[in-house]
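> The structure file my_file36.pdb (PDB, C-alpha atoms and all ligand atoms) is provided below.
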ATOM      1  CA  MET A 180     110.920 -29.645 -43.532
ATOM      2  CA  ILE A 181     108.760 -26.689 -44.612
ATOM      3  CA  LYS A 182     105.991 -29.097 -45.596
ATOM      4  CA  SER A 183     105.684 -30.278 -42.010
ATOM      5  CA  ILE A 184     104.941 -26.785 -40.615
ATOM      6  CA  ASP A 185     101.242 -26.361 -39.851
ATOM      7  CA  PHE A 186     100.678 -22.969 -41.547
ATOM      8  CA  ALA A 187      96.901 -23.292 -41.180
ATOM      9  CA  GLN A 188      97.326 -23.451 -37.403
ATOM     10  CA  LEU A 189      99.866 -20.593 -37.411
ATOM     11  CA  TYR A 190      97.376 -18.542 -39.441
ATOM     12  CA  ARG A 191      94.645 -19.203 -36.847
ATOM     13  CA  GLU A 192      96.994 -18.271 -33.980
ATOM     14  CA  HIS A 193      98.058 -15.067 -35.742
ATOM     15  CA  LEU A 194      94.415 -14.178 -36.414
ATOM     16  CA  ALA A 195      93.513 -14.775 -32.753
ATOM     17  CA  ARG A 196      96.405 -12.536 -31.649
ATOM     18  CA  SER A 197      95.254  -9.787 -34.003
ATOM     19  CA  GLY A 198      91.990  -9.457 -32.062
ATOM     20  CA  ARG A 199      90.142  -9.344 -35.381
ATOM     21  CA  VAL A 200      86.496  -8.438 -34.815
ATOM     22  CA  PHE A 201      84.610  -9.823 -37.799
ATOM     23  CA  LYS A 202      82.099  -7.385 -39.196
ATOM     24  CA  THR A 203      78.509  -8.555 -39.539
ATOM     25  CA  PRO A 204      76.673  -8.555 -42.875
ATOM     26  CA  SER A 205      74.578  -5.604 -41.673
ATOM     27  CA  GLU A 206      77.726  -3.575 -40.945
ATOM     28  CA  TRP A 207      78.759  -4.164 -44.571
ATOM     29  CA  ASP A 208      75.182  -3.329 -45.682
ATOM     30  CA  SER A 209      75.637   0.114 -44.160
ATOM     31  CA  LYS A 210      78.826   0.674 -46.229
ATOM     32  CA  ALA A 211      77.301  -0.481 -49.519
ATOM     33  CA  ALA A 212      75.768   2.793 -50.717
ATOM     34  CA  ASP A 213      79.021   4.655 -50.128
ATOM     35  CA  MET A 214      81.164   1.953 -51.748
ATOM     36  CA  ARG A 215      78.854   1.366 -54.725
ATOM     37  CA  THR A 216      80.361   3.860 -57.124
ATOM     38  CA  LYS A 217      83.642   4.658 -55.352
ATOM     39  CA  VAL A 218      85.228   1.256 -55.969
ATOM     40  CA  LEU A 219      84.417   1.226 -59.674
ATOM     41  CA  ASP A 220      87.029   3.789 -60.535
ATOM     42  CA  SER A 221      90.310   3.002 -58.851
ATOM     43  CA  GLY A 222      93.883   2.252 -59.808
ATOM     44  CA  TYR A 223      93.657  -0.896 -57.680
ATOM     45  CA  ARG A 224      90.748  -2.181 -59.796
ATOM     46  CA  THR A 225      92.578  -1.477 -63.046
ATOM     47  CA  GLU A 226      95.715  -3.206 -61.754
ATOM     48  CA  PHE A 227      93.770  -6.277 -60.580
ATOM     49  CA  VAL A 228      91.755  -6.680 -63.769
ATOM     50  CA  LYS A 229      94.691  -6.295 -66.133
ATOM     51  CA  ARG A 230      96.373  -9.294 -64.454
ATOM     52  CA  VAL A 231      93.363 -11.592 -65.023
ATOM     53  CA  GLN A 232      93.363 -13.805 -68.109
ATOM     54  CA  CYS A 233      89.889 -14.761 -69.254
ATOM     55  CA  GLY A 234      87.994 -15.569 -72.430
ATOM     56  CA  ALA A 235      84.532 -15.072 -73.890
ATOM     57  CA  GLU A 236      83.372 -18.565 -72.843
ATOM     58  CA  ASP A 237      84.603 -18.319 -69.260
ATOM     59  CA  THR A 238      82.471 -18.152 -66.140
ATOM     60  CA  VAL A 239      83.731 -16.159 -63.143
ATOM     61  CA  LEU A 240      82.980 -16.507 -59.434
ATOM     62  CA  ASP A 241      83.703 -13.267 -57.542
ATOM     63  CA  VAL A 242      83.881 -14.117 -53.814
ATOM     64  CA  GLY A 243      83.240 -11.230 -51.399
ATOM     65  CA  CYS A 244      82.260  -9.300 -54.509
ATOM     66  CA  GLY A 245      81.043  -6.168 -52.728
ATOM     67  CA  PRO A 246      79.435  -3.793 -55.259
ATOM     68  CA  GLY A 247      81.044  -5.686 -58.142
ATOM     69  CA  THR A 248      84.489  -4.110 -58.173
ATOM     70  CA  ILE A 249      86.171  -6.929 -60.064
ATOM     71  CA  GLY A 250      83.260  -9.004 -61.359
ATOM     72  CA  LEU A 251      81.639  -6.133 -63.238
ATOM     73  CA  ALA A 252      84.939  -5.138 -64.853
ATOM     74  CA  LEU A 253      85.306  -8.696 -66.165
ATOM     75  CA  ALA A 254      81.651  -9.180 -67.173
ATOM     76  CA  PRO A 255      81.956  -7.634 -70.681
ATOM     77  CA  GLN A 256      84.774 -10.081 -71.505
ATOM     78  CA  VAL A 257      83.237 -13.315 -70.205
ATOM     79  CA  LYS A 258      80.103 -15.438 -70.503
ATOM     80  CA  GLN A 259      78.805 -15.225 -66.932
ATOM     81  CA  VAL A 260      79.760 -13.611 -63.628
ATOM     82  CA  TYR A 261      78.522 -14.824 -60.237
ATOM     83  CA  GLY A 262      78.907 -12.322 -57.405
ATOM     84  CA  LEU A 263      78.978 -14.019 -53.990
ATOM     85  CA  ASP A 264      78.700 -11.981 -50.801
ATOM     86  CA  TYR A 265      77.044 -12.362 -47.374
ATOM     87  CA  SER A 266      75.838  -8.742 -47.407
ATOM     88  CA  GLN A 267      72.513  -8.252 -49.186
ATOM     89  CA  GLY A 268      73.300  -4.526 -49.337
ATOM     90  CA  MET A 269      76.473  -5.234 -51.332
ATOM     91  CA  LEU A 270      74.610  -7.562 -53.695
ATOM     92  CA  ASP A 271      71.928  -4.895 -54.227
ATOM     93  CA  ALA A 272      74.693  -2.396 -55.016
ATOM     94  CA  MET A 273      76.249  -4.825 -57.506
ATOM     95  CA  GLN A 274      72.868  -5.358 -59.156
ATOM     96  CA  GLU A 275      72.315  -1.604 -59.441
ATOM     97  CA  ASN A 276      75.775  -1.155 -60.958
ATOM     98  CA  ALA A 277      75.204  -4.031 -63.399
ATOM     99  CA  ALA A 278      71.899  -2.475 -64.497
ATOM    100  CA  GLU A 279      73.512   0.936 -65.020
ATOM    101  CA  LEU A 280      76.236  -0.703 -67.103
ATOM    102  CA  GLN A 281      73.601  -2.689 -69.037
ATOM    103  CA  LEU A 282      75.255  -5.982 -68.147
ATOM    104  CA  ASN A 283      72.871  -8.915 -68.272
ATOM    105  CA  ASN A 284      75.310 -11.731 -67.505
ATOM    106  CA  VAL A 285      75.592 -11.141 -63.749
ATOM    107  CA  ARG A 286      73.982 -13.347 -61.096
ATOM    108  CA  LEU A 287      74.095 -12.834 -57.340
ATOM    109  CA  ILE A 288      74.588 -15.390 -54.595
ATOM    110  CA  LEU A 289      73.857 -14.512 -50.968
ATOM    111  CA  ALA A 290      76.311 -16.711 -49.065
ATOM    112  CA  ALA A 291      79.221 -16.519 -46.648
ATOM    113  CA  TRP A 292      82.670 -18.047 -46.882
ATOM    114  CA  GLU A 293      81.650 -20.226 -43.955
ATOM    115  CA  ASP A 294      78.443 -21.601 -45.574
ATOM    116  CA  ASP A 295      77.978 -24.870 -47.394
ATOM    117  CA  TRP A 296      78.922 -24.083 -51.015
ATOM    118  CA  SER A 297      77.437 -27.201 -52.589
ATOM    119  CA  ALA A 298      74.935 -25.045 -54.513
ATOM    120  CA  VAL A 299      77.597 -22.523 -55.605
ATOM    121  CA  PRO A 300      78.475 -23.103 -59.271
ATOM    122  CA  VAL A 301      81.891 -24.372 -60.242
ATOM    123  CA  CYS A 302      83.338 -21.712 -62.556
ATOM    124  CA  ASP A 303      86.337 -21.411 -64.834
ATOM    125  CA  ILE A 304      87.833 -18.588 -62.813
ATOM    126  CA  ALA A 305      87.517 -17.488 -59.174
ATOM    127  CA  VAL A 306      88.515 -14.006 -58.026
ATOM    128  CA  VAL A 307      88.796 -12.825 -54.441
ATOM    129  CA  SER A 308      89.616  -9.181 -54.029
ATOM    130  CA  ARG A 309      90.307  -7.761 -50.562
ATOM    131  CA  ALA A 310      87.864 -10.250 -49.062
ATOM    132  CA  SER A 311      89.868 -13.121 -47.650
ATOM    133  CA  ILE A 312      90.592 -12.445 -43.994
ATOM    134  CA  VAL A 313      88.634 -15.529 -43.003
ATOM    135  CA  ALA A 314      88.631 -17.520 -39.771
ATOM    136  CA  ASP A 315      89.640 -20.760 -41.473
ATOM    137  CA  MET A 316      92.015 -20.237 -44.410
ATOM    138  CA  ASP A 317      92.408 -23.967 -44.988
ATOM    139  CA  ALA A 318      88.676 -24.337 -45.607
ATOM    140  CA  ALA A 319      88.586 -21.188 -47.766
ATOM    141  CA  LEU A 320      91.398 -22.441 -50.028
ATOM    142  CA  ASP A 321      89.660 -25.821 -50.345
ATOM    143  CA  LYS A 322      86.443 -24.086 -51.389
ATOM    144  CA  LEU A 323      88.225 -21.979 -53.987
ATOM    145  CA  ASN A 324      90.107 -24.956 -55.382
ATOM    146  CA  GLN A 325      86.840 -26.878 -55.691
ATOM    147  CA  HIS A 326      84.979 -23.991 -57.371
ATOM    148  CA  ALA A 327      87.426 -22.991 -60.096
ATOM    149  CA  ARG A 328      88.606 -25.067 -63.024
ATOM    150  CA  LYS A 329      91.237 -22.843 -64.644
ATOM    151  CA  LYS A 330      92.618 -20.144 -62.397
ATOM    152  CA  ILE A 331      92.207 -18.441 -59.030
ATOM    153  CA  TYR A 332      93.210 -14.820 -58.425
ATOM    154  CA  LEU A 333      93.326 -13.532 -54.858
ATOM    155  CA  THR A 334      94.646 -10.432 -53.112
ATOM    156  CA  GLN A 335      95.726 -10.351 -49.488
ATOM    157  CA  LEU A 336      97.378  -7.603 -47.481
ATOM    158  CA  VAL A 337     101.139  -7.495 -47.296
ATOM    159  CA  GLY A 338     102.036  -7.108 -43.630
ATOM    160  CA  GLY A 339      98.401  -7.643 -42.656
ATOM    161  CA  ARG A 340      97.590  -3.996 -41.950
ATOM    162  CA  PHE A 341      94.864  -1.758 -43.341
ATOM    163  CA  VAL A 342      96.323   1.227 -41.573
ATOM    164  CA  SER A 343      99.900   2.282 -41.194
ATOM    165  CA  ARG A 344     102.051   1.052 -38.382
ATOM    166  CA  GLU A 345     102.508   4.770 -37.655
ATOM    167  CA  ILE A 346      98.881   5.214 -36.602
ATOM    168  CA  GLU A 347      98.945   1.990 -34.629
ATOM    169  CA  GLU A 348     101.975   3.238 -32.700
ATOM    170  CA  LEU A 349     100.476   6.702 -32.325
ATOM    171  CA  LEU A 350      97.509   5.150 -30.565
ATOM    172  CA  GLY A 351      99.808   2.974 -28.486
ATOM    173  CA  ARG A 352      97.851  -0.056 -29.619
ATOM    174  CA  GLN A 353      99.336  -3.516 -29.809
ATOM    175  CA  ASP A 354     100.427  -4.970 -33.148
ATOM    176  CA  ARG A 355      97.042  -5.893 -34.594
ATOM    177  CA  SER A 356      98.337  -7.112 -37.938
ATOM    178  CA  PHE A 357      96.310  -9.846 -39.609
ATOM    179  CA  PRO A 358      97.899 -12.943 -41.059
ATOM    180  CA  ASP A 359      99.279 -11.852 -44.381
ATOM    181  CA  HIS A 360      99.792 -13.418 -47.797
ATOM    182  CA  MET A 361     102.818 -15.506 -46.794
ATOM    183  CA  TYR A 362     100.578 -17.980 -44.942
ATOM    184  CA  ILE A 363      98.611 -18.487 -48.162
ATOM    185  CA  MET A 364     101.747 -18.857 -50.273
ATOM    186  CA  ASN A 365     102.996 -21.564 -47.928
ATOM    187  CA  MET A 366      99.640 -23.325 -47.644
ATOM    188  CA  LEU A 367      99.401 -23.512 -51.434
ATOM    189  CA  TYR A 368     102.953 -24.801 -51.691
ATOM    190  CA  GLN A 369     102.069 -27.509 -49.179
ATOM    191  CA  ARG A 370      99.215 -28.535 -51.500
ATOM    192  CA  ASN A 371     101.673 -28.831 -54.394
ATOM    193  CA  LEU A 372     100.217 -25.695 -55.990
ATOM    194  CA  TYR A 373     102.583 -23.041 -57.311
ATOM    195  CA  PRO A 374     101.213 -19.498 -57.088
ATOM    196  CA  THR A 375     102.697 -16.558 -58.916
ATOM    197  CA  LEU A 376     103.135 -13.453 -56.799
ATOM    198  CA  ASP A 377     102.839  -9.803 -57.735
ATOM    199  CA  TYR A 378     102.009  -6.616 -55.809
ATOM    200  CA  ILE A 379      99.441  -3.845 -56.187
ATOM    201  CA  GLU A 380      99.771  -0.567 -54.289
ATOM    202  CA  SER A 381      96.788   1.573 -53.447
ATOM    203  CA  PRO A 382      96.336   4.682 -51.317
ATOM    204  CA  SER A 383      96.151   4.124 -47.573
ATOM    205  CA  ARG A 384      92.678   3.419 -46.185
ATOM    206  CA  LEU A 385      92.986   6.725 -44.346
ATOM    207  CA  ALA A 386      93.648   8.721 -47.505
ATOM    208  CA  GLY A 387      91.223  11.278 -48.863
ATOM    209  CA  CYS A 388      90.030  12.873 -45.621
ATOM    210  CA  ASN A 389      89.318  16.555 -45.988
ATOM    211  CA  SER A 390      88.995  17.210 -42.290
ATOM    212  CA  LEU A 391      90.049  15.898 -38.909
ATOM    213  CA  ALA A 392      86.485  14.658 -38.313
ATOM    214  CA  GLU A 393      86.648  12.488 -41.446
ATOM    215  CA  LEU A 394      90.033  11.119 -40.435
ATOM    216  CA  LEU A 395      88.713  10.238 -36.972
ATOM    217  CA  ASP A 396      85.757   8.404 -38.542
ATOM    218  CA  LYS A 397      88.098   6.376 -40.729
ATOM    219  CA  VAL A 398      90.404   5.562 -37.835
ATOM    220  CA  ARG A 399      87.383   4.427 -35.773
ATOM    221  CA  TRP A 400      86.267   2.103 -38.588
ATOM    222  CA  SER A 401      89.615   0.334 -38.329
ATOM    223  CA  PHE A 402      90.329   0.604 -34.603
ATOM    224  CA  ASN A 403      86.794   0.676 -33.154
ATOM    225  CA  GLU A 404      86.081   3.295 -30.474
ATOM    226  CA  LEU A 405      88.776   5.851 -29.585
ATOM    227  CA  THR A 406      89.330   7.326 -26.139
ATOM    228  CA  ALA A 407      89.427  11.115 -25.756
ATOM    229  CA  GLU A 408      93.212  10.899 -25.330
ATOM    230  CA  GLU A 409      93.589   8.864 -28.527
ATOM    231  CA  GLU A 410      91.470  11.420 -30.388
ATOM    232  CA  GLU A 411      93.802  14.145 -29.133
ATOM    233  CA  ARG A 412      96.849  12.264 -30.423
ATOM    234  CA  ILE A 413      95.269  11.857 -33.852
ATOM    235  CA  SER A 414      94.315  15.514 -33.789
ATOM    236  CA  ALA A 415      97.903  16.578 -32.985
ATOM    237  CA  TRP A 416      99.218  14.299 -35.769
ATOM    238  CA  TYR A 417      96.725  15.835 -38.202
ATOM    239  CA  GLN A 418      97.586  19.420 -37.228
ATOM    240  CA  ARG A 419     101.337  18.811 -37.545
ATOM    241  CA  ASP A 420     101.083  18.144 -41.293
ATOM    242  CA  PRO A 421      97.523  18.188 -42.677
ATOM    243  CA  ASP A 422      98.676  17.341 -46.242
ATOM    244  CA  TYR A 423     100.496  14.255 -45.075
ATOM    245  CA  ALA A 424      97.592  13.274 -42.806
ATOM    246  CA  GLN A 425      95.138  13.676 -45.690
ATOM    247  CA  GLN A 426      97.229  11.212 -47.727
ATOM    248  CA  GLY A 427      96.791   8.770 -44.848
ATOM    249  CA  GLY A 428     100.477   7.933 -44.580
ATOM    250  CA  GLU A 429     102.056   4.981 -46.378
ATOM    251  CA  PRO A 430     100.220   3.232 -49.217
ATOM    252  CA  THR A 431      98.475  -0.068 -48.702
ATOM    253  CA  ARG A 432     100.298  -2.903 -50.450
ATOM    254  CA  TRP A 433      98.354  -5.903 -51.714
ATOM    255  CA  ALA A 434      99.861  -9.246 -52.676
ATOM    256  CA  PHE A 435      98.262 -10.476 -55.906
ATOM    257  CA  MET A 436      98.441 -14.275 -56.028
ATOM    258  CA  SER A 437      97.268 -16.503 -58.853
ATOM    259  CA  TRP A 438      97.374 -20.243 -59.227
ATOM    260  CA  THR A 439      95.958 -23.143 -61.183
ATOM    261  CA  PRO A 440      93.660 -25.271 -59.024
ATOM    262  CA  PRO A 441      94.089 -29.049 -58.929
ATOM    263  CA  ALA A 442      92.158 -30.966 -61.604
ATOM    264  CA  HIS A 443      88.655 -31.901 -60.395
TER
HETATM  265  C1  LIG B 501      86.588  -4.915 -48.530
HETATM  266  S1  LIG B 501      85.125  -5.488 -49.302
HETATM  267  C2  LIG B 501      85.771  -5.967 -50.891
HETATM  268  C3  LIG B 501      84.762  -5.832 -52.003
HETATM  269  C4  LIG B 501      85.348  -6.054 -53.381
HETATM  270  N1  LIG B 501      85.756  -7.424 -53.568
HETATM  271  C5  LIG B 501      86.490  -5.092 -53.633
HETATM  272  O1  LIG B 501      87.647  -5.492 -53.764
HETATM  273  O2  LIG B 501      86.207  -3.872 -53.694
HETATM  274  C6  LIG B 501      84.860  -7.040 -48.503
HETATM  275  C7  LIG B 501      83.598  -7.733 -48.967
HETATM  276  O3  LIG B 501      83.588  -9.055 -48.430
HETATM  277  C8  LIG B 501      82.310  -9.332 -47.910
HETATM  278  N2  LIG B 501      82.501 -10.306 -46.835
HETATM  279  C9  LIG B 501      83.115 -10.116 -45.637
HETATM  280  N3  LIG B 501      83.101 -11.245 -44.929
HETATM  281  C10 LIG B 501      82.458 -12.166 -45.670
HETATM  282  C11 LIG B 501      82.121 -13.531 -45.469
HETATM  283  N4  LIG B 501      82.449 -14.146 -44.334
HETATM  284  N5  LIG B 501      81.466 -14.184 -46.441
HETATM  285  C12 LIG B 501      81.130 -13.537 -47.605
HETATM  286  N6  LIG B 501      81.398 -12.245 -47.850
HETATM  287  C13 LIG B 501      82.071 -11.569 -46.896
HETATM  288  C14 LIG B 501      81.772  -7.995 -47.426
HETATM  289  O4  LIG B 501      80.363  -7.990 -47.354
HETATM  290  C15 LIG B 501      82.318  -7.054 -48.494
HETATM  291  O5  LIG B 501      81.423  -6.931 -49.568
END
Any chance you could put this one into structure tokens?
Ligand SMILES: C[S@@+](CC[C@H](N)C(=O)[O-])C[C@H]1O[C@@H](n2cnc3c(N)ncnc32)[C@H](O)[C@@H]1O

Amino acid sequence: MIKSIDFAQLYREHLARSGRVFKTPSEWDSKAADMRTKVLDSGYRTEFVKRVQCGAEDTVLDVGCGPGTIGLALAPQVKQVYGLDYSQGMLDAMQENAAELQLNNVRLILAAWEDDWSAVPVCDIAVVSRASIVADMDAALDKLNQHARKKIYLTQLVGGRFVSREIEELLGRQDRSFPDHMYIMNMLYQRNLYPTLDYIESPSRLAGCNSLAELLDKVRWSFNELTAEEEERISAWYQRDPDYAQQGGEPTRWAFMSWTPPAH
């Protein structure tokens, strides 16, 4: 019965309902300088990397690599890392980080999930960290399965929210949750693949604001423009308990999925 449910279609319908506005490569370019060093020292990174099994002869494809969060942590343990991203700014940041860390086994690939991947190398391991809210999950899973020989590691939001439900309700916005990890779990099961599931918690995306202005900027990044009334509501929420507001509310919970791809 469960194998006859079209989870790929349900995923697309959920994504459409979420009103997801896909960011352009240049929008990510503008975040690259800020993200370059920040992401290299986080509990999330440590938790992701310690769950990855790899050896000195392995090659790794890091999809949506950003400034090298996962790929550069694995590089000292493996033969070769390929960072794939559609933002040149992110790839430049990864290159700069690799140079600072004196890593010479890192190559960069400017490509999107949606591109033809026939020139993308098939690696032993593929990692996808916080970079898999794609329009077509079926196609993305096919690409990953075709580009990894041993193992695939992927994180996806639990509940499909970057910000807390609390802020969403405060703004009176509709449920904008993205399709979460359960679609992927089911789509893999339907392919006769058996992922293991674990969870990683990290501070809310709104955490670490030292002022109301910073909080408003972060909320805008997630919710796009705010009306004056919405700004007032955020302001009142901030003033009520600045410590709590600076924590950004509930933590973000990531599902960490890993599976063995089908033999090629
Ligand atoms: C949230 S960041 C994650 C970066 C890194 N993997 C991490 O966990 O810190 C998302 C990354 O995915 C990239 N990205 C977004 N959409 C993409 C697409 N369609 N194709 C390729 N890369 C994409 C962005 O440029 C950005 O570097």
> What residues have any atom no more than 9 Å from ligand LIG 501 (chain B) when counting all atoms listed in the file, and can you list them as a PyMOL selection string?
chain A and resi 201-208+210-211+214+218-219+223-224+241-250+263-270+289-294+306-314+334
> Taking a cut-off of 10 Å and counting all atoms listed in the file, can you build a table that, for each residue of segment 315-357 of chain A near segment 419-428 of chain A, reports the nearest atom pair and how far apart they are in Å (one decimal), sorted by chain then residue number, as JSON lines?

{"residue": "A:Val342", "atom": "CA", "partner": "A:Gly427", "partner_atom": "CA", "distance": 8.2}
{"residue": "A:Ser343", "atom": "CA", "partner": "A:Gly428", "partner_atom": "CA", "distance": 6.6}
{"residue": "A:Arg344", "atom": "CA", "partner": "A:Gly428", "partner_atom": "CA", "distance": 9.4}
{"residue": "A:Glu345", "atom": "CA", "partner": "A:Gly428", "partner_atom": "CA", "distance": 7.9}
{"residue": "A:Ile346", "atom": "CA", "partner": "A:Gly428", "partner_atom": "CA", "distance": 8.6}
> In Å, rounded to a single decimal, give me how far atom CA of Gly338 of chain A is from atom CA of Ser356 of chain A.
6.8 Å
> Would you translate the PyMOL selection byres (((chain A and resi 431) around 7) and not hetatm) into the concrete set of residues it matches in this file, as an NGL selection string?
:A and (341 or 380-383 or 429-430 or 432-433)
> Which distance in Å separates atom CA of Pro440 of chain A and atom CA of Cys233 of chain A, to one decimal?
15.1 Å
> Return the single residue from A:Arg355, A:Arg340, A:Lys329, A:Lys322 that is closest to Ser197 of chain A, with distances computed using all atoms listed in the file.
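Looking at the shortest contact to Ser197 of chain A, the residue is A:Arg355.
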> Suppose you want the space between atom CA of Asn389 of chain A and atom CA of Thr216 of chain A; what is it in Å?
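It comes out at 19.1 Å.
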> Which of these, A:Leu367, A:Leu350, A:Ile379, A:Leu336, has the shortest distance to Leu405 of chain A once you count all atoms listed in the file?
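Using all atoms listed in the file, the shortest distance to Leu405 of chain A belongs to A:Leu350.
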> Which one is closest to Lys330 of chain A: A:Asp185, A:Glu348, A:Asp377, A:Asp303? Count all atoms listed in the file.
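Comparing A:Asp185, A:Glu348, A:Asp377, A:Asp303 against Lys330 of chain A, the winner is A:Asp303.
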> With only C-alpha atoms as the basis for distance, which of A:Glu226, A:Glu275, A:Glu410, A:Glu347 is at the shortest distance from Leu394 of chain A?
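The closest residue to Leu394 of chain A is A:Glu410.
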> Smallest atom-to-atom distance to Val301 of chain A: which of A:His443, A:Lys182, A:Arg215, A:Arg230, using all atoms listed in the file?
A:His443
> Please enclose the listed atoms of segment 364-370 of chain A in an axis-aligned box, pad each side by 3 Å, and write out the centre and the three edge lengths in Å, rounded to one decimal, as JSON.

{"center_x": 101.1, "center_y": -23.7, "center_z": -49.7, "size_x": 9.8, "size_y": 15.7, "size_z": 10.0}
> When distances are computed from all atoms listed in the file, which of A:Tyr373, A:Tyr332, A:Asp295, A:Asn276 shows the smallest separation from Ala212 of chain A?
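The answer is A:Asn276, which sits nearest to Ala212 of chain A.
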> Place N, CA and C atoms on segment 253-270 of chain A and deliver the coordinates as an mmCIF file, in the frame of the given file.

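Ended up saving to out35.cif:
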data_model
loop_
_atom_site.group_PDB
_atom_site.id
_atom_site.type_symbol
_atom_site.label_atom_id
_atom_site.label_comp_id
_atom_site.auth_asym_id
_atom_site.auth_seq_id
_atom_site.Cartn_x
_atom_site.Cartn_y
_atom_site.Cartn_z
ATOM 1 N N LEU A 253 85.043 -7.527 -65.315
ATOM 2 C CA LEU A 253 85.306 -8.696 -66.165
ATOM 3 C C LEU A 253 84.086 -9.079 -67.006
ATOM 4 N N ALA A 254 82.901 -8.711 -66.537
ATOM 5 C CA ALA A 254 81.651 -9.180 -67.173
ATOM 6 C C ALA A 254 81.600 -8.962 -68.694
ATOM 7 N N PRO A 255 82.043 -7.816 -69.219
ATOM 8 C CA PRO A 255 81.956 -7.634 -70.681
ATOM 9 C C PRO A 255 82.839 -8.604 -71.462
ATOM 10 N N GLN A 256 83.837 -9.189 -70.796
ATOM 11 C CA GLN A 256 84.774 -10.081 -71.505
ATOM 12 C C GLN A 256 84.429 -11.551 -71.367
ATOM 13 N N VAL A 257 83.484 -11.896 -70.494
ATOM 14 C CA VAL A 257 83.237 -13.315 -70.205
ATOM 15 C C VAL A 257 81.759 -13.672 -70.416
ATOM 16 N N LYS A 258 81.477 -14.974 -70.264
ATOM 17 C CA LYS A 258 80.103 -15.438 -70.503
ATOM 18 C C LYS A 258 79.180 -15.108 -69.322
ATOM 19 N N GLN A 259 79.670 -15.365 -68.106
ATOM 20 C CA GLN A 259 78.805 -15.225 -66.932
ATOM 21 C C GLN A 259 79.632 -14.861 -65.707
ATOM 22 N N VAL A 260 79.103 -13.950 -64.904
ATOM 23 C CA VAL A 260 79.760 -13.611 -63.628
ATOM 24 C C VAL A 260 78.791 -13.918 -62.491
ATOM 25 N N TYR A 261 79.290 -14.589 -61.459
ATOM 26 C CA TYR A 261 78.522 -14.824 -60.237
ATOM 27 C C TYR A 261 79.164 -14.014 -59.130
ATOM 28 N N GLY A 262 78.410 -13.100 -58.535
ATOM 29 C CA GLY A 262 78.907 -12.322 -57.405
ATOM 30 C C GLY A 262 78.417 -12.972 -56.119
ATOM 31 N N LEU A 263 79.349 -13.367 -55.258
ATOM 32 C CA LEU A 263 78.978 -14.019 -53.990
ATOM 33 C C LEU A 263 79.377 -13.095 -52.843
ATOM 34 N N ASP A 264 78.414 -12.832 -51.963
ATOM 35 C CA ASP A 264 78.700 -11.981 -50.801
ATOM 36 C C ASP A 264 77.674 -12.305 -49.717
ATOM 37 N N TYR A 265 78.036 -12.105 -48.442
ATOM 38 C CA TYR A 265 77.044 -12.362 -47.374
ATOM 39 C C TYR A 265 76.261 -11.100 -47.009
ATOM 40 N N SER A 266 76.568 -9.986 -47.671
ATOM 41 C CA SER A 266 75.838 -8.742 -47.407
ATOM 42 C C SER A 266 74.829 -8.495 -48.536
ATOM 43 N N GLN A 267 73.545 -8.509 -48.168
ATOM 44 C CA GLN A 267 72.513 -8.252 -49.186
ATOM 45 C C GLN A 267 72.673 -6.841 -49.743
ATOM 46 N N GLY A 268 73.094 -5.908 -48.879
ATOM 47 C CA GLY A 268 73.300 -4.526 -49.337
ATOM 48 C C GLY A 268 74.349 -4.456 -50.437
ATOM 49 N N MET A 269 75.420 -5.219 -50.301
ATOM 50 C CA MET A 269 76.473 -5.234 -51.332
ATOM 51 C C MET A 269 75.930 -5.850 -52.624
ATOM 52 N N LEU A 270 75.159 -6.932 -52.486
ATOM 53 C CA LEU A 270 74.610 -7.562 -53.695
ATOM 54 C C LEU A 270 73.638 -6.612 -54.400
#
